[in-house]
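This is my_file_1.txt. It holds compact mmCIF, C-alpha atoms and all ligand atoms.
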```txt
# COMPACT_ATOMS: atom_id res chain seq x y z
CA MET A 16 -63.66 -105.67 45.87
CA ARG A 17 -66.90 -106.77 44.31
CA PHE A 18 -68.92 -104.76 41.86
CA ILE A 19 -71.72 -105.66 39.59
CA ASP A 20 -71.11 -105.63 35.89
CA GLU A 21 -74.36 -105.63 33.97
CA ALA A 22 -75.56 -106.00 30.42
CA LYS A 23 -79.00 -105.94 28.86
CA ILE A 24 -79.46 -108.00 25.75
CA LYS A 25 -82.14 -109.52 23.58
CA VAL A 26 -82.03 -113.09 22.34
CA MET A 27 -84.20 -114.37 19.53
CA ALA A 28 -84.54 -117.94 18.33
CA GLY A 29 -85.06 -118.72 14.67
CA HIS A 30 -88.50 -119.47 13.29
CA GLY A 31 -89.28 -122.92 11.98
CA GLY A 32 -89.46 -123.24 8.21
CA ARG A 33 -92.83 -123.72 6.52
CA GLY A 34 -93.94 -127.18 5.47
CA CYS A 35 -94.38 -127.48 1.72
CA ILE A 36 -97.51 -128.28 -0.29
CA SER A 37 -96.48 -130.17 -3.36
CA PHE A 38 -97.52 -133.12 -5.52
CA ARG A 39 -95.40 -135.45 -7.48
CA ARG A 40 -95.57 -134.65 -11.14
CA GLU A 41 -93.74 -137.15 -13.23
CA LYS A 42 -94.17 -138.24 -16.77
CA PHE A 43 -96.09 -141.49 -17.01
CA VAL A 44 -97.02 -141.43 -13.33
CA PRO A 45 -100.56 -140.17 -13.16
CA ARG A 46 -101.71 -138.69 -9.91
CA GLY A 47 -98.42 -138.74 -8.07
CA GLY A 48 -99.04 -138.40 -4.39
CA PRO A 49 -98.29 -135.42 -2.19
CA ASP A 50 -94.57 -134.88 -1.64
CA GLY A 51 -94.25 -131.60 0.27
CA GLY A 52 -91.25 -131.75 2.61
CA ASP A 53 -91.08 -130.47 6.18
CA GLY A 54 -89.67 -127.11 7.18
CA GLY A 55 -86.39 -127.03 9.11
CA LYS A 56 -86.21 -126.27 12.80
CA GLY A 57 -85.23 -122.74 13.83
CA GLY A 58 -81.90 -122.25 15.62
CA SER A 59 -81.86 -121.82 19.40
CA VAL A 60 -79.84 -119.37 21.48
CA VAL A 61 -77.70 -121.21 24.00
CA PHE A 62 -75.54 -119.66 26.71
CA GLU A 63 -72.31 -121.34 27.74
CA SER A 64 -70.02 -120.41 30.62
CA THR A 65 -66.28 -120.14 30.21
CA THR A 66 -63.33 -119.13 32.34
CA ASN A 67 -61.76 -117.42 29.31
CA LEU A 68 -63.93 -114.38 29.89
CA ALA A 69 -63.74 -112.21 32.98
CA THR A 70 -66.26 -109.47 32.27
CA LEU A 71 -69.44 -108.65 30.39
CA GLN A 72 -67.55 -106.06 28.38
CA ASP A 73 -68.28 -107.71 25.01
CA PHE A 74 -72.03 -107.26 25.52
CA ARG A 75 -71.63 -103.50 25.39
CA PHE A 76 -71.00 -103.75 21.69
CA LYS A 77 -73.41 -106.49 20.70
CA ARG A 78 -76.80 -106.41 22.34
CA SER A 79 -78.95 -108.60 20.19
CA TYR A 80 -78.48 -112.24 19.33
CA GLN A 81 -80.59 -113.78 16.59
CA ALA A 82 -80.37 -117.43 15.64
CA GLU A 83 -81.06 -118.54 12.09
CA ASN A 84 -84.50 -119.43 10.79
CA GLY A 85 -85.16 -122.93 9.51
CA LEU A 86 -85.56 -123.14 5.75
CA HIS A 87 -88.91 -124.00 4.20
CA GLY A 88 -89.58 -127.52 3.03
CA SER A 89 -89.79 -128.17 -0.69
CA GLY A 90 -91.14 -130.68 -3.19
CA LYS A 91 -89.89 -134.22 -3.63
CA ASN A 92 -90.09 -134.63 0.15
CA LYS A 93 -87.14 -132.37 0.62
CA ALA A 94 -86.90 -131.09 4.15
CA GLY A 95 -85.71 -127.55 4.77
CA ARG A 96 -82.34 -127.17 6.48
CA ASP A 97 -82.40 -126.51 10.24
CA GLY A 98 -81.33 -123.05 11.37
CA GLU A 99 -78.00 -123.04 13.23
CA ASP A 100 -78.01 -122.59 16.99
CA ILE A 101 -75.90 -119.79 18.36
CA THR A 102 -73.77 -120.14 21.45
CA VAL A 103 -73.23 -117.03 23.55
CA LEU A 104 -70.20 -117.25 25.83
CA VAL A 105 -70.46 -115.73 29.29
CA PRO A 106 -67.98 -115.66 32.16
CA VAL A 107 -68.43 -118.08 35.03
CA GLY A 108 -70.40 -116.26 37.74
CA THR A 109 -72.94 -114.74 35.35
CA LEU A 110 -76.49 -114.61 36.54
CA ILE A 111 -79.19 -114.40 33.90
CA LYS A 112 -82.47 -112.70 34.73
CA ARG A 113 -85.61 -111.93 32.80
CA GLN A 114 -85.66 -108.18 32.25
CA ASP A 115 -89.32 -107.44 32.93
CA ASP A 116 -89.77 -109.18 36.29
CA GLY A 117 -86.17 -109.81 37.34
CA GLU A 118 -86.74 -113.53 37.76
CA ILE A 119 -83.48 -115.51 37.84
CA LEU A 120 -83.49 -117.90 34.93
CA PHE A 121 -80.01 -119.36 35.22
CA ASP A 122 -76.92 -119.05 37.37
CA PHE A 123 -73.62 -120.09 35.82
CA THR A 124 -71.54 -121.38 38.69
CA GLU A 125 -68.94 -123.41 36.84
CA SER A 126 -67.23 -123.60 33.51
CA GLY A 127 -68.84 -125.43 30.61
CA GLN A 128 -72.47 -125.18 31.73
CA ARG A 129 -74.97 -124.75 28.89
CA TRP A 130 -78.44 -123.32 29.04
CA THR A 131 -80.90 -122.85 26.21
CA ALA A 132 -82.51 -119.45 26.63
CA VAL A 133 -84.86 -119.58 23.66
CA LYS A 134 -85.67 -122.60 21.56
CA GLY A 135 -85.97 -122.44 17.82
CA GLY A 136 -89.46 -122.94 16.38
CA ARG A 137 -90.35 -126.38 15.07
CA GLY A 138 -90.48 -126.77 11.32
CA GLY A 139 -93.95 -127.17 9.81
CA LYS A 140 -94.88 -130.53 8.39
CA GLY A 141 -95.23 -130.77 4.63
CA ASN A 142 -98.43 -132.04 3.05
CA ALA A 143 -96.91 -135.49 2.58
CA HIS A 144 -97.52 -135.97 6.30
CA PHE A 145 -101.23 -135.53 6.14
CA VAL A 146 -102.19 -138.33 3.83
CA THR A 147 -104.82 -140.67 5.25
CA ALA A 148 -106.84 -143.45 3.69
CA VAL A 149 -109.71 -141.12 2.98
CA PHE A 150 -107.70 -138.05 2.37
CA GLN A 151 -105.23 -138.82 -0.37
CA ALA A 152 -104.33 -135.39 -1.58
CA PRO A 153 -104.11 -132.88 1.27
CA LYS A 154 -103.68 -129.37 -0.06
CA PHE A 155 -102.33 -127.99 3.15
CA ALA A 156 -99.14 -128.01 5.19
CA GLN A 157 -98.17 -126.64 8.58
CA PRO A 158 -96.60 -123.27 8.99
CA GLY A 159 -93.31 -123.15 10.91
CA GLU A 160 -93.54 -122.41 14.61
CA GLU A 161 -92.31 -119.01 15.73
CA GLY A 162 -89.01 -118.91 17.60
CA GLY A 163 -89.13 -117.48 21.11
CA SER A 164 -87.49 -114.26 22.16
CA LEU A 165 -86.45 -112.90 25.53
CA GLU A 166 -85.06 -109.70 26.93
CA LEU A 167 -82.42 -110.56 29.48
CA THR A 168 -80.27 -108.89 32.08
CA LEU A 169 -76.85 -110.43 32.60
CA GLU A 170 -75.18 -109.75 35.91
CA LEU A 171 -71.68 -110.56 37.01
CA LYS A 172 -70.07 -109.86 40.31
CA LEU A 173 -66.64 -108.52 39.52
CA LEU A 174 -63.58 -108.77 41.61
CA ALA A 175 -61.18 -105.92 40.91
CA ASP A 176 -57.67 -107.09 40.02
CA VAL A 177 -55.90 -103.77 40.41
CA SER A 178 -56.54 -100.88 42.76
CA LEU A 179 -55.35 -97.33 42.09
CA ILE A 180 -54.22 -95.64 45.26
CA GLY A 181 -52.50 -92.40 46.16
CA TYR A 182 -53.00 -88.94 47.58
CA PRO A 183 -56.06 -86.95 46.54
CA ASN A 184 -55.59 -85.21 43.19
CA ALA A 185 -52.87 -87.58 41.99
CA GLY A 186 -55.00 -88.33 38.93
CA LYS A 187 -56.41 -91.75 39.85
CA SER A 188 -59.81 -91.06 38.35
CA THR A 189 -58.25 -89.55 35.26
CA LEU A 190 -56.14 -92.68 34.87
CA ILE A 191 -59.09 -95.07 35.12
CA SER A 192 -60.95 -92.98 32.55
CA ARG A 193 -57.91 -93.33 30.25
CA MET A 194 -57.57 -97.07 30.73
CA SER A 195 -61.21 -98.08 30.57
CA ALA A 196 -64.65 -96.89 29.57
CA ALA A 197 -65.32 -95.60 33.11
CA HIS A 198 -66.29 -91.91 33.36
CA PRO A 199 -65.69 -90.89 36.95
CA LYS A 200 -65.81 -87.33 38.15
CA ILE A 201 -62.45 -85.59 37.77
CA ALA A 202 -61.62 -82.25 39.39
CA ASP A 203 -58.69 -80.21 40.62
CA TYR A 204 -59.69 -80.38 44.27
CA PRO A 205 -59.00 -83.20 46.73
CA PHE A 206 -61.54 -85.90 47.57
CA THR A 207 -63.39 -85.68 44.30
CA THR A 208 -63.93 -89.41 44.38
CA LEU A 209 -66.20 -90.46 47.21
CA THR A 210 -66.69 -94.13 46.45
CA PRO A 211 -64.56 -96.46 44.33
CA ASN A 212 -65.08 -96.45 40.57
CA LEU A 213 -64.65 -99.55 38.58
CA GLY A 214 -63.38 -99.95 35.05
CA VAL A 215 -62.70 -102.86 32.78
CA VAL A 216 -59.42 -102.58 30.92
CA LYS A 217 -59.44 -104.44 27.66
CA VAL A 218 -55.99 -105.72 26.67
CA ALA A 219 -57.01 -107.82 23.67
CA ASP A 220 -59.87 -110.13 22.72
CA PHE A 221 -60.69 -112.28 25.74
CA GLN A 222 -58.06 -110.48 27.80
CA SER A 223 -59.23 -107.88 30.23
CA PHE A 224 -58.81 -106.95 33.83
CA VAL A 225 -60.70 -104.86 36.32
CA VAL A 226 -59.36 -101.71 37.93
CA ALA A 227 -60.78 -99.91 40.95
CA ASP A 228 -60.16 -96.21 41.49
CA ILE A 229 -59.98 -95.74 45.26
CA PRO A 230 -60.77 -92.40 46.94
CA GLY A 231 -57.63 -90.47 47.89
CA LEU A 232 -55.62 -91.56 50.92
CA ILE A 233 -53.97 -89.17 53.36
CA GLU A 234 -51.78 -89.49 56.42
CA GLY A 235 -53.89 -90.80 59.27
CA ALA A 236 -56.13 -92.76 56.88
CA HIS A 237 -55.65 -95.94 58.90
CA LYS A 238 -57.21 -94.14 61.89
CA GLY A 239 -60.12 -92.94 59.78
CA LEU A 240 -58.88 -89.63 58.43
CA GLY A 241 -60.07 -88.63 54.99
CA LEU A 242 -62.23 -90.97 52.98
CA GLY A 243 -59.94 -93.64 51.65
CA HIS A 244 -59.80 -95.55 54.94
CA LYS A 245 -63.28 -96.91 54.35
CA PHE A 246 -61.94 -98.54 51.26
CA LEU A 247 -58.64 -99.86 52.56
CA LYS A 248 -60.31 -103.18 53.25
CA HIS A 249 -61.22 -103.43 49.58
CA ILE A 250 -57.59 -103.05 48.56
CA GLU A 251 -56.88 -106.22 50.52
CA ARG A 252 -58.80 -108.17 47.95
CA THR A 253 -57.14 -106.83 44.83
CA ARG A 254 -54.01 -108.46 43.48
CA ILE A 255 -51.94 -105.44 42.54
CA THR A 256 -51.93 -101.86 43.70
CA VAL A 257 -50.89 -99.03 41.44
CA HIS A 258 -49.41 -96.43 43.72
CA LEU A 259 -49.92 -93.19 41.83
CA LEU A 260 -47.68 -90.25 42.72
CA ASP A 261 -48.56 -86.70 41.76
CA GLY A 262 -45.86 -85.11 39.61
CA THR A 263 -47.12 -81.69 40.72
CA HIS A 264 -45.12 -82.17 43.92
CA LEU A 265 -41.94 -81.99 41.86
CA LEU A 266 -42.73 -78.65 40.27
CA ASP A 267 -41.20 -76.55 43.05
CA PHE A 268 -37.91 -78.32 42.50
CA THR A 269 -37.62 -77.62 38.80
CA THR A 270 -36.90 -73.96 39.50
CA LEU A 271 -34.54 -74.45 42.44
CA PRO A 272 -31.04 -73.10 41.87
CA ASP A 273 -28.61 -76.01 41.98
CA ASP A 274 -26.06 -75.29 44.69
CA GLU A 275 -24.36 -78.49 43.58
CA PRO A 276 -25.02 -80.46 40.38
CA GLY A 277 -28.22 -82.47 40.56
CA ALA A 278 -29.31 -81.02 43.91
CA SER A 279 -32.81 -80.11 42.72
CA VAL A 280 -33.32 -83.59 41.30
CA LYS A 281 -32.23 -85.15 44.57
CA LYS A 282 -34.50 -82.93 46.62
CA GLY A 283 -37.45 -83.54 44.32
CA ALA A 284 -36.96 -87.31 44.44
CA LYS A 285 -36.60 -87.19 48.20
CA GLU A 286 -39.87 -85.30 48.60
CA LEU A 287 -41.75 -87.67 46.32
CA HIS A 288 -40.25 -90.64 48.14
CA ARG A 289 -41.31 -89.17 51.48
CA LEU A 290 -44.89 -88.86 50.23
CA TYR A 291 -44.73 -92.36 48.83
CA LEU A 292 -43.57 -93.77 52.17
CA ALA A 293 -46.28 -91.85 54.02
CA ILE A 294 -49.00 -93.65 52.07
CA ARG A 295 -47.24 -96.98 52.43
CA LYS A 296 -47.06 -96.41 56.16
CA GLU A 297 -50.84 -95.97 56.21
CA LEU A 298 -51.29 -99.25 54.40
CA GLU A 299 -48.91 -100.98 56.76
CA LEU A 300 -50.58 -99.59 59.87
CA TYR A 301 -53.96 -100.65 58.57
CA ASN A 302 -52.83 -104.14 57.62
CA PRO A 303 -49.21 -105.22 57.10
CA GLU A 304 -50.34 -107.52 54.31
CA LEU A 305 -51.38 -104.50 52.28
CA ALA A 306 -47.82 -103.27 52.24
CA ASP A 307 -46.60 -106.65 51.00
CA LYS A 308 -48.92 -106.65 48.06
CA ASP A 309 -47.52 -106.50 44.56
CA GLU A 310 -47.24 -102.82 43.75
CA VAL A 311 -46.50 -100.76 40.67
CA ILE A 312 -45.18 -97.27 41.38
CA VAL A 313 -46.18 -94.64 38.85
CA ILE A 314 -45.51 -90.91 38.65
CA ASN A 315 -48.33 -89.09 36.89
CA LYS A 316 -48.44 -85.72 35.11
CA ALA A 317 -45.21 -86.25 33.18
CA ASP A 318 -46.44 -83.57 30.76
CA LEU A 319 -45.60 -80.91 33.34
CA PHE A 320 -41.90 -81.49 32.73
CA LEU A 321 -41.78 -81.27 28.96
CA GLY A 322 -39.91 -77.97 29.30
CA GLN A 323 -37.19 -79.56 31.46
CA PRO A 324 -35.79 -82.38 29.37
CA GLY A 325 -34.16 -85.08 31.46
CA PHE A 326 -35.45 -83.77 34.79
CA LEU A 327 -38.09 -86.44 35.29
CA ASP A 328 -35.80 -89.26 34.18
CA ASP A 329 -33.18 -88.10 36.66
CA VAL A 330 -35.78 -87.93 39.43
CA LYS A 331 -36.90 -91.46 38.55
CA SER A 332 -33.42 -92.92 38.83
CA GLU A 333 -32.82 -91.04 42.07
CA PHE A 334 -36.15 -92.32 43.38
CA ARG A 335 -35.13 -95.84 42.44
CA LYS A 336 -31.97 -95.49 44.52
CA LEU A 337 -34.03 -94.38 47.49
CA LEU A 338 -36.35 -97.35 47.05
CA THR A 339 -33.55 -99.88 47.08
CA GLN A 340 -31.90 -98.23 50.06
CA GLY A 341 -35.14 -98.26 51.96
CA SER A 342 -36.95 -100.93 53.89
CA LYS A 343 -36.35 -104.45 52.62
CA LYS A 344 -40.07 -104.88 52.16
CA ILE A 345 -39.96 -102.82 49.02
CA ASP A 346 -36.70 -104.26 47.80
CA ARG A 347 -38.31 -106.26 45.03
CA LYS A 348 -36.95 -107.83 41.89
CA LEU A 349 -39.10 -105.70 39.62
CA LEU A 350 -37.71 -102.45 40.88
CA THR A 351 -35.27 -102.01 38.02
CA LYS A 352 -37.86 -100.23 35.90
CA GLU A 353 -39.77 -98.36 38.56
CA PRO A 354 -41.06 -95.86 39.08
CA TYR A 355 -42.85 -95.66 35.75
CA SER A 356 -43.99 -92.28 34.55
CA ILE A 357 -47.15 -91.50 32.65
CA SER A 358 -49.21 -88.55 31.60
CA CYS A 359 -52.95 -88.96 31.73
CA ALA A 360 -53.15 -85.64 29.89
CA SER A 361 -51.17 -86.73 26.83
CA GLY A 362 -51.65 -90.49 27.17
CA GLU A 363 -47.89 -91.09 27.31
CA GLY A 364 -46.91 -94.32 29.07
CA ILE A 365 -50.46 -95.58 29.63
CA HIS A 366 -50.33 -98.31 27.03
CA ASP A 367 -47.08 -99.62 28.54
CA LEU A 368 -48.56 -99.49 32.04
CA ILE A 369 -51.52 -101.60 30.92
CA HIS A 370 -49.11 -104.19 29.57
CA VAL A 371 -47.01 -104.23 32.72
CA LEU A 372 -50.17 -104.81 34.75
CA TRP A 373 -51.41 -107.51 32.43
CA GLU A 374 -48.06 -109.30 32.51
CA ARG A 375 -47.99 -109.28 36.29
CA LEU A 376 -51.60 -110.41 36.55
CA SER A 377 -51.07 -113.29 34.19
CA SER A 378 -47.74 -114.46 35.60
N1 LIG B 401 -51.24 -81.80 33.85
C1 LIG B 401 -51.87 -82.93 34.18
N2 LIG B 401 -52.96 -82.90 34.97
C2 LIG B 401 -53.56 -84.06 35.28
C3 LIG B 401 -53.09 -85.31 34.80
N3 LIG B 401 -53.87 -86.29 35.28
C4 LIG B 401 -54.82 -85.69 36.05
N4 LIG B 401 -54.65 -84.35 36.06
C5 LIG B 401 -55.45 -83.36 36.77
O1 LIG B 401 -55.31 -83.57 38.16
C6 LIG B 401 -56.52 -83.21 38.84
C7 LIG B 401 -56.98 -84.34 39.74
O2 LIG B 401 -57.36 -85.44 38.95
P1 LIG B 401 -58.33 -86.60 39.50
O3 LIG B 401 -58.28 -87.69 38.47
O4 LIG B 401 -59.65 -86.07 39.88
O5 LIG B 401 -57.52 -87.02 40.78
P2 LIG B 401 -57.85 -88.17 41.85
O6 LIG B 401 -56.56 -88.81 42.21
O7 LIG B 401 -58.92 -89.05 41.35
O8 LIG B 401 -58.35 -87.29 43.09
P3 LIG B 401 -59.34 -87.71 44.30
O9 LIG B 401 -60.54 -88.35 43.70
O10 LIG B 401 -59.65 -86.42 44.91
O11 LIG B 401 -58.55 -88.61 45.18
C8 LIG B 401 -57.54 -82.85 37.75
O12 LIG B 401 -57.56 -81.46 37.61
C9 LIG B 401 -56.94 -83.52 36.51
O13 LIG B 401 -57.32 -82.86 35.33
C10 LIG B 401 -51.93 -85.28 33.93
O14 LIG B 401 -51.42 -86.30 33.45
N5 LIG B 401 -51.37 -84.09 33.67
MG MG B 402 -60.76 -89.31 41.99
```

Do you think you could lay out the structure here as structure tokens?
Amino acid sequence: MRFIDEAKIKVMAGHGGRGCISFRREKFVPRGGPDGGDGGKGGSVVFESTTNLATLQDFRFKRSYQAENGLHGSGKNKAGRDGEDITVLVPVGTLIKRQDDGEILFDFTESGQRWTAVKGGRGGKGNAHFVTAVFQAPKFAQPGEEGGSLELTLELKLLADVSLIGYPNAGKSTLISRMSAAHPKIADYPFTTLTPNLGVVKVADFQSFVVADIPGLIEGAHKGLGLGHKFLKHIERTRITVHLLDGTHLLDFTTLPDDEPGASVKKGAKELHRLYLAIRKELELYNPELADKDEVIVINKADLFLGQPGFLDDVKSEFRKLLTQGSKKIDRKLLTKEPYSISCASGEGIHDLIHVLWERLSS
């Protein structure tokens, strides 16, 4: 699934240092000549593409990039130091446009490309430069040249790594808002999300991945029921699906009288498993490859069971049994820990989920 990540930034080159007006003054050397040194060059702002970055996330926090000014020249023909260039790293695939007219200035198509956005100003020449046969003692020097500045728009087409799928109301949008800076609409009625939302999940410096929150799926989605079907094709292009199950469906079972020990747990797990298979069936009917995709099964709304200690853990192990008994397609090596449980309300389990996803994406 492709989305546009965008950042607006300002880059400013350093000014050139001023040339110096100075004359040699030494004991016993009458009329020493002019010895004003040149100003240093201002630093430039250079962009460089790298595969170590996947998003423009870092530009949300730093929007202006200023290179150093060159230092002024001084006497005894001493040149001012050049201002340092700064290198701004961008992910491969970044397109750089001028903000005011949208003109494309550079397109980073591969790793290691460098492009100078604004050049530092030249240093001014000191008065020592202006000596001529008739003009032995120039009392002037050049000022430093101003560094350029530009307001830029950076654009990156993002490919989502993970898609969040599940029935309406499972809490997909709440989860993406917990994992990333995305602020999708969240509400207690089905089909709140009408088009996918995208969020960038930051794991650590230079480690992030992109999650897409897909509108809720229902039975019959593959034939066009509900909304999610329009987006099934996008799921094809993500690497992992998080299949989010709504813990609310278990609530009825917490109050069931147990005719035999563990009966309510078994029934609850069976119901959740039935719902899980129903969505998987939709994926399979739409495209069998979707069902083969790496999947992480997660039960949301764990906070609803705080009053029934052990209930959710028992349901999880029962669910696991059902998974391994089921179709061989979902008999995967990673099943020992699934389903995971999280609460988007309390935040429980979300950190661990991010790490599970990151590990699978980077393996
Ligand atoms: N108690 C509890 N409620 C939650 C939790 N996560 C989400 N909810 C609630 O569940 C409801 C649905 O959440 P959404 O995030 O909009 O669900 P969705 O899966 O995006 O729904 P659609 O966009 O309709 O497919 C909202 O009222 C949320 O506040 C949770 O961990 N615990
Ligand atoms: Mg939603």

Environment of ligand MG 402 (chain B) within 8 Å, counting only C-alpha atoms and all ligand atoms, reported as a PyMOL selection string: chain A and resi 183-184+186-189+199-202+205-209+228-231

Exercise: A:Ala152 partners within 8 Å, all atoms listed in the file, chain neighbours under 5 positions left out, as JSON, numbers by chain: {"A": [48, 49, 146]}

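Taking atom CA of A:Asn92 and atom CA of A:Gly34 as the two end points, the separation is 9.9 Å.
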
Extending 4 Å beyond the listed atoms of ligand LIG 401 (chain B) on each side, what axis-aligned box results? I want centre and edge lengths in Å to one decimal, as JSON.
```
{"center_x": -55.9, "center_y": -85.3, "center_z": 39.3, "size_x": 17.3, "size_y": 15.6, "size_z": 19.7}
```

How many Å separate atom CA of A:Leu337 from atom O3 of ligand LIG 401 (chain B)? 26.7 Å

Rank nothing, just name the residue among A:Cys35, A:Ile369, A:Leu242, A:Ala293 nearest to ligand LIG 401 (chain B), using only C-alpha atoms and all ligand atoms. A:Leu242

Protein/DNA/RNA residues near (-45.1, -96.0, 44.8), cut 10 Å, all atoms listed in the file, as a PyMOL selection string: chain A and resi 180-181+256-260+287-288+290-292+294-295+310-314+334+338+345+353-355

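Residue nearest A:Gly283 within the list A:Asp53, A:Glu297, A:Glu251, A:Glu333: A:Glu333 [criterion: smallest interatomic distance, all atoms listed in the file].
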
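The space between atom CA of A:Asp116 and atom CA of A:Gly163 spans 17.3 Å.
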
Using all atoms listed in the file, can you list as a list of chain:residue names the residues within 12 Å of (-44.3, -100.2, 30.9)? A:Val311, A:Ile312, A:Val313, A:Leu349, A:Thr351, A:Lys352, A:Glu353, A:Pro354, A:Tyr355, A:Ser356, A:Ile357, A:Glu363, A:Gly364, A:Ile365, A:His366, A:Asp367, A:Leu368, A:Ile369, A:His370, A:Val371, A:Leu372, A:Trp373, A:Glu374, A:Arg375

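Distance annotation: of A:Phe62, A:Tyr204, A:Phe246, A:Trp130, the residue with the minimal separation from ligand LIG 401 (chain B) is A:Tyr204; atom set is only C-alpha atoms and all ligand atoms.
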
Contacts of A:Gln114 at 10 Å or less, counting all atoms listed in the file, minus same-chain residues fewer than 3 places along, as a short mmCIF file (atom, residue, chain, number, x, y, z; two decimals) with C-alpha atoms, in the frame of the given file?
```
data_model
loop_
_atom_site.label_atom_id
_atom_site.label_comp_id
_atom_site.auth_asym_id
_atom_site.auth_seq_id
_atom_site.Cartn_x
_atom_site.Cartn_y
_atom_site.Cartn_z
CA LYS A 23 -79.00 -105.94 28.86
CA ILE A 24 -79.46 -108.00 25.75
CA LYS A 25 -82.14 -109.52 23.58
CA ILE A 111 -79.19 -114.40 33.90
CA GLY A 117 -86.17 -109.81 37.34
CA GLU A 118 -86.74 -113.53 37.76
CA ILE A 119 -83.48 -115.51 37.84
CA LEU A 165 -86.45 -112.90 25.53
CA GLU A 166 -85.06 -109.70 26.93
CA LEU A 167 -82.42 -110.56 29.48
CA THR A 168 -80.27 -108.89 32.08
CA LEU A 169 -76.85 -110.43 32.60
#
```

Using all atoms listed in the file for the distances, tell me which of A:Ala360, A:Ile191, A:Val105, A:Leu300 is nearest to ligand LIG 401 (chain B). A:Ala360

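Candidate residues A:Leu86, A:Ala175, A:Val280, A:Ala185 were compared for distance to A:Ser223, and the nearest is A:Ala175, using all atoms listed in the file.
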
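Of the listed residues A:Thr65, A:Asp122, A:Arg289, A:His144, the one whose atoms come nearest to A:Pro106 is A:Thr65, with distances taken using only C-alpha atoms.
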
Hey, what's within 6 Å of A:Gly54 if we count all atoms listed in the file and toss same-chain stuff fewer than 4 positions away? As an NGL selection string, please? :A and (32-34 or 86-88 or 94-95 or 138-139)

What's the 6 Å shell around A:Val107, counting all atoms listed in the file, without same-chain residues fewer than 5 positions away, as a CSV table (one decimal) with C-alpha atoms, in the coordinates of the input?
```
chain,number,residue,atom,x,y,z
A,64,SER,CA,-70.0,-120.4,30.6
A,65,THR,CA,-66.3,-120.1,30.2
A,66,THR,CA,-63.3,-119.1,32.3
A,123,PHE,CA,-73.6,-120.1,35.8
A,124,THR,CA,-71.5,-121.4,38.7
A,125,GLU,CA,-68.9,-123.4,36.8
A,126,SER,CA,-67.2,-123.6,33.5
```

Can you tell me which residues surround A:Leu271 at a distance of at most 10 Å, considering only C-alpha atoms, apart from same-chain residues fewer than 4 positions away, and format the answer as a PyMOL selection string? chain A and resi 266-267+278-280+282-283
